[in-house]
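Notes follow once the structure below has been shown.
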Amino acid sequence: MMAFLKKIPYDDINCLLLIRSHKQWPKCCCHLGSIFQMAPSKTFTFTTGHSLSQDDSHFTGKRTADKELRSHGSRRVEENVCTSDCLHHSAPNGPAENAGQHENGLLLTLRLGLTCYKDYLGTNWSCRVAELRQLGETEFGDPLALLAQPLGVGGVLCTADGQVVLIRRSQKVAEAGGLLDMPGGHPEPKAVCERLGQTVREEQISVSMMKPRAVVSELFSSVCAEIRDEVNIPLSSLGQPVLMGVALNHTSAGRASAEFYVSCSLTGDEVTKLYWKGGAEANESTDIVFLSREEVMQLNTSSPLWSELCPSAKGAVLLYQKVKPEQRHNNQLNASGDR
């Protein structure tokens, strides 16, 4: 089936949509410890059916051969990310042995390696990043080849009374101090090891220790963990994360962030009280701000608030406006009820 990548340009953010040619709607698409890197190092794949049922999601993975890795070395990160018609993480009854078993599903492939926050600051945020990009293009045919390119996560968190939660980043954090952001952070390789029952130090973690199912599970669960730690909302009050897509932050040389939609069973007032009690990462923000869903849908470059949003938050807003995860979910529930 024919498919192509479509970019939505918006100053310092590009959102990537994978459009199926016969349907005009999008398909999916500070610590110094180890974090995941968007790179052609190891491949994790998963599929989703057309509904939002957890049973429609399956996960597979493979280790690419060295020869295949070299053949992918010249591919840009834009080729490895896309947006989704709402991908849910689930734990299926059995592994998907090959993607051909899911002819009606969409396959999203992430090529992930390992990096760390220190390398991220030393490459993507280097004053010589233009030279690194030029050297990467010259030597490897890829301007991102010499950059850390960590994969971040962010969540458009919606309360039970229709409010979208934003937090104002502390001036003491390394990036976007003082700007408004969605709760988020990074999926962590160490958490994958712990999920697999492995006790290791950060410096001992290697790509070979990463198992596909556990990596995908960490990708989806990490956004809820970040919401818990930054906003102090218990995991039991959060709905299943829905992957809306991936945004590229061009203020940090095209760094990728997977943006999710997460529902919350608490009201805005209840969330406010929990936030001011302080969570595990309360020091990373100084205030909490609420916008109605309608206000978020109307945000654009002419909105006074737009300049207060950090780049990743702009990407999350654009994806939320484009994918409309709540509307799609409701439509599918209604369609199921009519059968």
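Each chain in the structure tokens gets a letter, A, B, ..., in the order shown, and its residues are numbered from 1; ligands are numbered from 1 in order too.
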
Within 9 Å of Thr272 of chain A using only C-alpha atoms, minus same-chain residues under 5 positions, as a list in words: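 Close residues of Thr272 of chain A: Val231, Thr267, Lys277, Ile288 and Val289 of chain A.
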
For segment 212-269 of chain A versus segment 181-202 of chain A, which residues have an atom no more than 7 Å away, and what is each residue's nearest atom pair and distance in Å rounded to one decimal, using only C-alpha atoms, chain-then-number order, as CSV?
```
residue,atom,partner,partner_atom,distance
A:Ala214,CA,A:Val192,CA,5.7
A:Val215,CA,A:Val192,CA,6.0
A:Glu218,CA,A:Pro187,CA,6.0
A:Leu219,CA,A:Pro187,CA,5.4
A:Ser222,CA,A:Pro187,CA,5.2
A:Val223,CA,A:Gly184,CA,5.9
A:Glu226,CA,A:Gly184,CA,5.3
A:Ile227,CA,A:Pro183,CA,5.5
A:Glu230,CA,A:Pro183,CA,6.6
```

Now that the selection is made, can you save its residues with N, CA and C atoms as a PDB file, in the first residue's frame?
```
ATOM      1  N   ALA A 214       9.505  -5.265  26.525  1.00  0.00           N
ATOM      2  CA  ALA A 214       9.766  -4.441  27.705  1.00  0.00           C
ATOM      3  C   ALA A 214      10.053  -2.995  27.318  1.00  0.00           C
ATOM      4  N   VAL A 215      10.728  -2.789  26.192  1.00  0.00           N
ATOM      5  CA  VAL A 215      11.014  -1.429  25.725  1.00  0.00           C
ATOM      6  C   VAL A 215       9.726  -0.697  25.358  1.00  0.00           C
ATOM      7  N   GLU A 218       7.829   0.197  28.442  1.00  0.00           N
ATOM      8  CA  GLU A 218       8.431   1.346  29.112  1.00  0.00           C
ATOM      9  C   GLU A 218       8.096   2.641  28.383  1.00  0.00           C
ATOM     10  N   LEU A 219       8.071   2.602  27.048  1.00  0.00           N
ATOM     11  CA  LEU A 219       7.734   3.792  26.278  1.00  0.00           C
ATOM     12  C   LEU A 219       6.359   4.313  26.674  1.00  0.00           C
ATOM     13  N   SER A 222       6.170   5.106  30.765  1.00  0.00           N
ATOM     14  CA  SER A 222       7.013   6.190  31.271  1.00  0.00           C
ATOM     15  C   SER A 222       6.277   7.520  31.307  1.00  0.00           C
ATOM     16  N   VAL A 223       5.378   7.758  30.361  1.00  0.00           N
ATOM     17  CA  VAL A 223       4.667   9.039  30.364  1.00  0.00           C
ATOM     18  C   VAL A 223       3.769   9.138  31.593  1.00  0.00           C
ATOM     19  N   GLU A 226       5.974   9.873  34.584  1.00  0.00           N
ATOM     20  CA  GLU A 226       6.374  11.282  34.618  1.00  0.00           C
ATOM     21  C   GLU A 226       5.237  12.161  35.135  1.00  0.00           C
ATOM     22  N   ILE A 227       4.009  11.866  34.721  1.00  0.00           N
ATOM     23  CA  ILE A 227       2.855  12.616  35.223  1.00  0.00           C
ATOM     24  C   ILE A 227       2.725  12.441  36.732  1.00  0.00           C
ATOM     25  N   GLU A 230       5.712  14.447  38.383  1.00  0.00           N
ATOM     26  CA  GLU A 230       5.724  15.900  38.202  1.00  0.00           C
ATOM     27  C   GLU A 230       4.446  16.579  38.697  1.00  0.00           C
TER      28      GLU A 230
END
```

So the first atom is atom CA of Ala145 of chain A and the second is atom CA of Ser34 of chain A; what is the distance between them in Å, to one decimal place? 18.3 Å

Please list as a list in words every residue within 10 Å of Asp119 of chain A, counting only C-alpha atoms and excluding residues in the same chain fewer than 5 positions away. Leu32, Ser34, Asn124, Trp125, Ser126, Leu147, Ala148, Gln149 and Pro150 of chain A

Backbone-only DSSP, strand (DSSP E) members of segment 156-237 of chain A, as number ranges by chain: A: 156-158, 163-169, 180-181, 184-185

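Residue nearest Gln327 of chain A, chosen from A:Phe36, A:Phe140, A:Trp276, A:Tyr261 and counting only C-alpha atoms: A:Tyr261.
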
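Counting only C-alpha atoms, the residue from A:Ala313, A:Glu284, A:Lys211, A:Glu295 that sits nearest to Gly177 of chain A is A:Glu284.
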
Using only C-alpha atoms, which residue out of A:Arg111, A:Arg213, A:Lys324, A:Arg293 lies closest to Met38 of chain A?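 Of A:Arg111, A:Arg213, A:Lys324, A:Arg293, the one nearest Met38 of chain A is A:Arg111, counting only C-alpha atoms.
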
Let me make sure I understand: among A:Ala247, A:Ile167, A:Ala258, A:Cys158, which one has the smallest atom-to-atom distance to Glu281 of chain A if we use only C-alpha atoms? A:Ile167

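Compared by their closest atoms to Asn300 of chain A, and using only C-alpha atoms, the residues A:Gly154, A:Gly315, A:Gly245, A:Pro143 rank with A:Gly315 nearest.
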
Give me, please, the distance in Å between atom CA of Ile35 of chain A and atom CA of Leu114 of chain A, quoted to one decimal.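 Straight-line distance from atom CA of Ile35 of chain A to atom CA of Leu114 of chain A works out to 5.9 Å.
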